[in-house]
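Text of structure-v2.cif, listed as mmCIF, C-alpha atoms and all ligand atoms:
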data_upload
#
loop_
_atom_site.label_atom_id
_atom_site.label_comp_id
_atom_site.auth_asym_id
_atom_site.auth_seq_id
_atom_site.Cartn_x
_atom_site.Cartn_y
_atom_site.Cartn_z
CA MET A 747 173.27 125.21 105.96
CA LYS A 748 172.80 128.73 104.66
CA GLN A 749 169.61 130.63 105.35
CA GLU A 750 167.95 132.25 102.37
CA GLU A 751 165.00 134.51 101.66
CA LYS A 752 162.44 131.76 100.98
CA MET A 753 163.71 129.21 103.51
CA LYS A 754 163.99 129.74 107.24
CA LEU A 755 165.42 127.03 109.44
CA THR A 756 163.17 126.37 112.46
CA LYS A 757 164.55 123.12 113.94
CA LEU A 758 167.70 121.11 113.58
CA SER A 759 168.44 117.64 114.96
CA PRO A 760 171.84 116.47 116.10
CA VAL A 761 174.00 114.69 113.54
CA TYR A 762 174.17 110.89 113.77
CA GLU A 763 176.75 108.49 112.41
CA THR A 764 174.79 105.65 110.85
CA ALA A 765 175.51 102.23 109.40
CA PRO A 766 174.77 102.11 105.65
CA VAL A 767 171.37 100.71 104.71
CA GLY A 768 170.81 99.05 101.32
CA VAL A 769 174.32 98.81 99.91
CA THR A 770 176.11 97.92 103.14
CA ASP A 771 179.61 97.68 101.70
CA GLN A 772 180.30 101.41 101.98
CA PRO A 773 181.37 103.86 104.68
CA HIS A 774 179.05 105.08 107.41
CA PHE A 775 176.80 108.07 106.72
CA LEU A 776 176.13 111.22 108.67
CA ASN A 777 172.39 111.85 108.90
CA MET A 778 170.26 114.61 110.34
CA VAL A 779 166.73 116.03 110.01
CA SER A 780 165.71 119.68 109.89
CA GLU A 781 162.46 121.65 109.84
CA TRP A 782 161.98 124.72 107.66
CA ASN A 783 159.43 127.42 107.03
CA THR A 784 159.35 128.00 103.33
CA ASP A 785 157.53 129.93 100.63
CA TYR A 786 158.41 127.20 98.12
CA GLY A 787 155.69 124.70 97.25
CA PRO A 788 156.70 121.01 97.38
CA GLU A 789 157.75 120.81 93.73
CA GLU A 790 159.74 124.04 93.80
CA LEU A 791 161.34 122.89 97.04
CA LEU A 792 162.46 119.63 95.45
CA GLU A 793 164.00 121.58 92.55
CA ARG A 794 165.76 123.86 95.03
CA LEU A 795 167.12 120.85 96.95
CA HIS A 796 168.38 119.30 93.72
CA ARG A 797 170.16 122.54 92.83
CA ILE A 798 171.78 122.59 96.27
CA GLU A 799 172.86 118.96 95.87
CA HIS A 800 174.31 119.86 92.48
CA GLU A 801 176.13 122.85 93.93
CA LEU A 802 177.62 120.57 96.55
CA GLU A 803 178.85 118.32 93.75
CA ARG A 804 176.93 115.27 94.64
CA ILE A 805 178.37 112.19 92.98
CA ARG A 806 175.53 110.10 91.52
CA GLU A 807 177.53 107.01 90.66
CA GLU A 808 175.67 104.26 92.40
CA ARG A 809 172.14 104.09 93.77
CA TRP A 810 172.32 104.03 97.55
CA GLY A 811 176.08 104.39 97.22
CA PRO A 812 178.50 106.95 98.62
CA ARG A 813 177.79 110.60 97.82
CA THR A 814 178.56 114.04 99.12
CA VAL A 815 175.05 114.99 100.13
CA ASP A 816 171.48 113.75 99.75
CA LEU A 817 168.58 116.06 100.57
CA ASP A 818 165.07 114.59 100.84
CA ILE A 819 161.64 115.96 101.68
CA LEU A 820 160.25 113.81 104.50
CA ILE A 821 156.92 115.55 105.05
CA TYR A 822 155.43 118.86 103.93
CA ASP A 823 152.57 120.24 106.07
CA GLU A 824 149.76 117.68 105.84
CA GLU A 825 150.54 117.10 102.16
CA ASN A 826 150.09 113.70 100.51
CA MET A 827 151.56 113.45 97.03
CA ASN A 828 152.24 110.49 94.84
CA LYS A 829 153.86 111.73 91.66
CA GLU A 830 156.53 109.90 89.76
CA HIS A 831 159.21 112.39 90.81
CA LEU A 832 157.86 113.35 94.24
CA ILE A 833 156.24 111.23 96.94
CA ILE A 834 155.24 112.85 100.25
CA PRO A 835 155.56 111.60 102.96
CA HIS A 836 158.85 110.11 101.78
CA PRO A 837 158.06 106.44 101.00
CA ARG A 838 160.96 104.94 102.94
CA LEU A 839 160.92 107.25 105.93
CA THR A 840 158.95 104.98 108.28
CA GLU A 841 161.37 102.08 108.03
CA ARG A 842 164.66 103.96 108.31
CA ALA A 843 166.26 104.31 111.72
CA PHE A 844 168.72 106.87 110.30
CA VAL A 845 165.73 109.12 109.51
CA LEU A 846 163.39 108.30 112.40
CA VAL A 847 165.90 108.79 115.23
CA PRO A 848 166.82 112.40 114.30
CA PHE A 849 163.21 113.10 113.24
CA PHE A 850 162.11 112.02 116.74
CA ASP A 851 164.53 114.54 118.26
CA ILE A 852 162.82 117.49 116.61
CA ALA A 853 159.21 116.31 116.19
CA PRO A 854 158.28 113.18 118.21
CA ASP A 855 154.54 113.84 118.03
CA ARG A 856 154.37 114.78 114.36
CA PHE A 857 151.89 112.67 112.43
CA VAL A 858 153.33 110.91 109.41
CA HIS A 859 150.44 108.73 108.25
CA GLU A 860 146.92 109.25 109.63
CA ASP A 861 147.16 108.45 113.36
CA ARG A 862 150.81 107.30 113.32
CA THR A 863 153.39 109.60 114.85
CA VAL A 864 157.17 109.64 114.53
CA ARG A 865 157.26 108.30 118.11
CA TRP A 866 155.13 105.32 117.07
CA TYR A 867 157.46 104.42 114.20
CA VAL A 868 160.59 104.85 116.35
CA LYS A 869 159.18 102.46 118.96
CA LYS A 870 158.61 99.87 116.24
CA LEU A 871 162.25 99.92 115.09
CA PRO A 872 164.21 96.75 115.81
CA GLU A 873 166.72 97.46 118.58
CA LYS A 874 169.59 96.38 116.31
CA GLU A 875 168.70 99.06 113.75
CA ARG A 876 168.30 101.74 116.38
CA ALA A 877 171.70 100.85 117.79
CA GLU A 878 173.29 101.55 114.40
CA VAL A 879 172.39 105.24 114.73
CA VAL A 880 174.97 106.82 117.00
CA TYR A 881 175.14 110.42 118.19
CA TRP A 882 177.99 112.17 116.36
CA GLY A 883 177.64 115.85 117.24
CA ASP A 884 175.66 119.07 116.92
CA LEU A 885 176.11 121.60 114.14
CA LEU A 886 176.78 125.20 115.01
CA ILE A 887 174.52 127.39 112.90
CA GLU A 888 175.48 130.98 112.21
CA GLU A 889 172.82 133.53 113.06
CA ASP A 890 171.57 135.70 110.19
CA ALA A 891 173.77 138.74 109.64
N1 LIG B 901 160.02 112.99 99.13
C1 LIG B 901 161.04 113.01 98.26
N2 LIG B 901 162.18 113.70 98.53
C2 LIG B 901 163.21 113.71 97.65
N3 LIG B 901 163.20 113.07 96.46
C3 LIG B 901 162.09 112.38 96.14
C4 LIG B 901 160.98 112.31 97.01
N4 LIG B 901 160.01 111.55 96.42
C5 LIG B 901 160.49 111.17 95.25
N5 LIG B 901 161.75 111.66 95.06
C6 LIG B 901 162.52 111.39 93.84
O1 LIG B 901 163.54 110.46 94.11
C7 LIG B 901 164.56 110.69 93.15
C8 LIG B 901 165.82 109.94 93.53
O2 LIG B 901 166.32 110.47 94.71
P1 LIG B 901 167.75 110.08 95.22
O3 LIG B 901 168.74 109.96 94.11
O4 LIG B 901 168.07 111.06 96.33
O5 LIG B 901 167.47 108.61 95.79
P2 LIG B 901 168.34 107.90 96.85
O6 LIG B 901 168.82 108.91 97.84
O7 LIG B 901 169.36 107.07 96.17
O8 LIG B 901 167.29 106.93 97.55
P3 LIG B 901 166.15 107.29 98.58
O9 LIG B 901 165.07 107.99 97.81
O10 LIG B 901 165.75 105.94 99.05
O11 LIG B 901 166.71 108.15 99.69
C9 LIG B 901 164.67 112.20 93.13
O12 LIG B 901 165.22 112.68 91.93
C10 LIG B 901 163.23 112.64 93.30
O13 LIG B 901 162.61 112.98 92.07
N1 LIG B 902 172.82 105.04 106.92
C1 LIG B 902 172.31 105.46 105.76
N2 LIG B 902 172.05 104.59 104.79
C2 LIG B 902 171.50 105.03 103.62
C3 LIG B 902 171.23 106.39 103.43
C4 LIG B 902 171.53 107.29 104.47
O1 LIG B 902 171.30 108.52 104.35
N3 LIG B 902 172.06 106.80 105.62
N4 LIG B 902 170.69 106.81 102.27
C5 LIG B 902 170.35 105.96 101.33
C6 LIG B 902 169.70 106.45 100.10
O2 LIG B 902 169.22 107.70 100.22
C7 LIG B 902 170.60 104.52 101.44
N5 LIG B 902 171.21 104.15 102.65
#

Go through the file and emit its structure as C-alpha cells.
Amino acid sequence: MKQEEKMKLTKLSPVYETAPVGVTDQPHFLNMVSEWNTDYGPEELLERLHRIEHELERIREERWGPRTVDLDILIYDEENMNKEHLIIPHPRLTERAFVLVPFFDIAPDRFVHEDRTVRWYVKKLPEKERAEVVYWGDLLIEEDA
C-alpha cells in the first residue's frame, strides 16, 4: 500500500481471512480496512481507487466472484451521497462481518448512520458470521523515504 502525495495512511487494521459472502462457492478472501487523510474529494477518490484496481490487474469476470483486489469507500467524513456510481456510506457495509470486524479494530466509535456506531453494528452481527472472520496477520508498512 504505497503512500502518495494526496493520500496519507493514518490507520490500518489487521488482515482477516474471511468466508466468501454472496457467491459462496469460491476461495476465502483476505479483508482489511484502512483510514486515510486525502486531498481527493469522494468522486476523485473513487476514480483513483479504480485506477489502482486496474493497475493491480483486477479480474472482473463474475460479480462477487474471485478477483485480485477490490477497493471500496466505506465512509468519507460525514458525507452522505447517493449517486448511481457512488453511495456513501457504502450500502452493504453494515451487514458485512468481513468489513465490520476490521473497521471495529480501527474505529469502534465511528458513526456510520446517525446515532449508530461501528461498535453497534458489530454487536448486531450473528455469531456465526463473526466467526467466519479469522485473524490472518498484520501488514508491515514501509515508512516514507
Ligand atoms: N462506496 C463505494 N465504494 C466503491 N464503489 C462504489 C461505492 N458506491 C458505489 N460504488 C460503485 O460500485 C461499482 C461496483 O463495484 P464493485 O465491482 O467493486 O462491486 P463488488 O465489489 O462486486 O460488490 P460490492 O459493491 O458489494 O462490494 C463501482 O464501479 C462503483 O461505481
Ligand atoms: N468474505 C468476503 N466476501 C465477499 C467480499 C469480500 O471482500 N470478502 N466481497 C464481495 C464483493 O465486494 C462479495 N463477497

Taking all atoms listed in the file into account, name the residue in A:Leu758, A:Ile852, A:Val858, A:Val847 that is nearest to Ile834 in chain A.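 Ranked by minimum distance to Ile834 in chain A, first place goes to A:Val858.
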
Hey, what's within 10 Å of range 874-880 of chain A if we count all atoms listed in the file and toss same-chain stuff fewer than 5 positions away? As a PDB file with C-alpha atoms, in the frame of the given file, please?
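Listed below is the output, part_14.pdb:
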ATOM      1  CA  VAL A 761     174.000 114.690 113.540  1.00  0.00           C
ATOM      2  CA  TYR A 762     174.170 110.890 113.770  1.00  0.00           C
ATOM      3  CA  GLU A 763     176.750 108.490 112.410  1.00  0.00           C
ATOM      4  CA  THR A 764     174.790 105.650 110.850  1.00  0.00           C
ATOM      5  CA  ALA A 765     175.510 102.230 109.400  1.00  0.00           C
ATOM      6  CA  PRO A 766     174.770 102.110 105.650  1.00  0.00           C
ATOM      7  CA  VAL A 767     171.370 100.710 104.710  1.00  0.00           C
ATOM      8  CA  HIS A 774     179.050 105.080 107.410  1.00  0.00           C
ATOM      9  CA  PHE A 775     176.800 108.070 106.720  1.00  0.00           C
ATOM     10  CA  LEU A 776     176.130 111.220 108.670  1.00  0.00           C
ATOM     11  CA  ASN A 777     172.390 111.850 108.900  1.00  0.00           C
ATOM     12  CA  GLU A 841     161.370 102.080 108.030  1.00  0.00           C
ATOM     13  CA  ARG A 842     164.660 103.960 108.310  1.00  0.00           C
ATOM     14  CA  ALA A 843     166.260 104.310 111.720  1.00  0.00           C
ATOM     15  CA  PHE A 844     168.720 106.870 110.300  1.00  0.00           C
ATOM     16  CA  VAL A 845     165.730 109.120 109.510  1.00  0.00           C
ATOM     17  CA  LEU A 846     163.390 108.300 112.400  1.00  0.00           C
ATOM     18  CA  VAL A 847     165.900 108.790 115.230  1.00  0.00           C
ATOM     19  CA  PRO A 848     166.820 112.400 114.300  1.00  0.00           C
ATOM     20  CA  VAL A 868     160.590 104.850 116.350  1.00  0.00           C
ATOM     21  CA  LYS A 869     159.180 102.460 118.960  1.00  0.00           C
TER      22      LYS A 869
END

Kindly indicate which residue among A:Ser759, A:Pro788, A:Val779, A:Asp818 lies nearest to ligand LIG 901 (chain B), using all atoms listed in the file for the distances.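 Using all atoms listed in the file, the shortest distance to ligand LIG 901 (chain B) belongs to A:Asp818.
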
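Among the candidates A:Leu755, A:Leu839, A:Leu792, A:Ile833, the residue lying nearest to ligand LIG 902 (chain B) is A:Leu839 (atoms considered: all atoms listed in the file).
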
Pairwise distance for atom C3 of ligand LIG 901 (chain B) and CA of Met778 in chain A, rounded to one decimal in Å: 16.5 Å

If I only have part of range 827-838 of chain A, can you fill in all heavy atoms and write it as a short mmCIF file (atom, residue, chain, number, x, y, z; two decimals), in the frame of the given file?
data_model
loop_
_atom_site.label_atom_id
_atom_site.label_comp_id
_atom_site.auth_asym_id
_atom_site.auth_seq_id
_atom_site.Cartn_x
_atom_site.Cartn_y
_atom_site.Cartn_z
N MET A 827 151.35 113.39 98.48
CA MET A 827 151.56 113.45 97.03
C MET A 827 152.09 112.12 96.57
O MET A 827 152.85 111.49 97.29
CB MET A 827 152.61 114.51 96.68
CG MET A 827 152.09 115.92 96.72
SD MET A 827 153.38 117.06 96.27
CE MET A 827 153.41 116.86 94.55
N ASN A 828 151.71 111.74 95.37
CA ASN A 828 152.24 110.49 94.84
C ASN A 828 152.52 110.65 93.35
O ASN A 828 151.85 110.05 92.52
CB ASN A 828 151.24 109.36 95.10
CG ASN A 828 151.94 108.02 95.10
OD1 ASN A 828 153.05 107.90 94.60
ND2 ASN A 828 151.29 107.01 95.64
N LYS A 829 153.47 111.53 93.05
CA LYS A 829 153.86 111.73 91.66
C LYS A 829 155.11 110.90 91.39
O LYS A 829 155.80 110.50 92.32
CB LYS A 829 154.13 113.21 91.40
CG LYS A 829 152.92 114.07 91.69
CD LYS A 829 153.05 115.40 91.03
CE LYS A 829 151.77 116.19 91.18
NZ LYS A 829 151.89 117.57 90.74
N GLU A 830 155.38 110.73 90.11
CA GLU A 830 156.53 109.90 89.76
C GLU A 830 157.82 110.45 90.37
O GLU A 830 158.66 109.70 90.86
CB GLU A 830 156.65 109.84 88.24
CG GLU A 830 157.45 108.65 87.77
CD GLU A 830 157.63 108.66 86.26
OE1 GLU A 830 156.73 109.15 85.56
OE2 GLU A 830 158.70 108.21 85.82
N HIS A 831 157.96 111.78 90.36
CA HIS A 831 159.21 112.39 90.81
C HIS A 831 159.13 112.92 92.24
O HIS A 831 160.11 113.43 92.77
CB HIS A 831 159.60 113.53 89.86
CG HIS A 831 158.59 114.63 89.88
ND1 HIS A 831 157.34 114.49 89.35
CD2 HIS A 831 158.65 115.87 90.40
CE1 HIS A 831 156.67 115.61 89.53
NE2 HIS A 831 157.44 116.47 90.18
N LEU A 832 157.96 112.83 92.87
CA LEU A 832 157.86 113.35 94.24
C LEU A 832 156.76 112.64 95.02
O LEU A 832 155.57 112.74 94.69
CB LEU A 832 157.59 114.87 94.21
CG LEU A 832 157.53 115.55 95.58
CD1 LEU A 832 158.79 115.30 96.39
CD2 LEU A 832 157.28 117.05 95.43
N ILE A 833 157.19 111.94 96.06
CA ILE A 833 156.24 111.23 96.94
C ILE A 833 156.39 111.80 98.35
O ILE A 833 157.49 111.85 98.90
CB ILE A 833 156.52 109.71 96.94
CG1 ILE A 833 156.46 109.16 95.51
CG2 ILE A 833 155.51 108.98 97.82
CD1 ILE A 833 156.92 107.72 95.38
N ILE A 834 155.26 112.27 98.90
CA ILE A 834 155.24 112.85 100.25
C ILE A 834 154.07 112.24 101.02
O ILE A 834 152.96 112.21 100.48
CB ILE A 834 155.07 114.39 100.17
CG1 ILE A 834 156.28 115.03 99.47
CG2 ILE A 834 154.93 114.98 101.58
CD1 ILE A 834 156.13 116.53 99.24
N PRO A 835 154.29 111.76 102.25
CA PRO A 835 155.56 111.60 102.96
C PRO A 835 156.53 110.69 102.18
O PRO A 835 156.10 109.85 101.39
CB PRO A 835 155.15 110.93 104.27
CG PRO A 835 153.70 111.25 104.45
CD PRO A 835 153.14 111.34 103.08
N HIS A 836 157.81 110.89 102.44
CA HIS A 836 158.85 110.11 101.78
C HIS A 836 158.56 108.61 101.99
O HIS A 836 158.34 108.17 103.12
CB HIS A 836 160.22 110.47 102.35
CG HIS A 836 161.36 109.90 101.55
ND1 HIS A 836 161.68 108.56 101.56
CD2 HIS A 836 162.23 110.49 100.70
CE1 HIS A 836 162.71 108.37 100.76
NE2 HIS A 836 163.06 109.51 100.22
N PRO A 837 158.53 107.83 100.90
CA PRO A 837 158.06 106.44 101.00
C PRO A 837 158.88 105.52 101.90
O PRO A 837 158.36 104.53 102.39
CB PRO A 837 158.11 105.95 99.54
CG PRO A 837 159.00 106.90 98.81
CD PRO A 837 158.88 108.21 99.52
N ARG A 838 160.14 105.84 102.13
CA ARG A 838 160.96 104.94 102.94
C ARG A 838 161.24 105.48 104.35
O ARG A 838 161.95 104.87 105.13
CB ARG A 838 162.27 104.61 102.21
CG ARG A 838 162.05 103.65 101.05
CD ARG A 838 163.20 103.55 100.10
NE ARG A 838 163.38 104.74 99.29
CZ ARG A 838 162.64 105.06 98.22
NH1 ARG A 838 161.66 104.29 97.85
NH2 ARG A 838 162.87 106.18 97.55
#
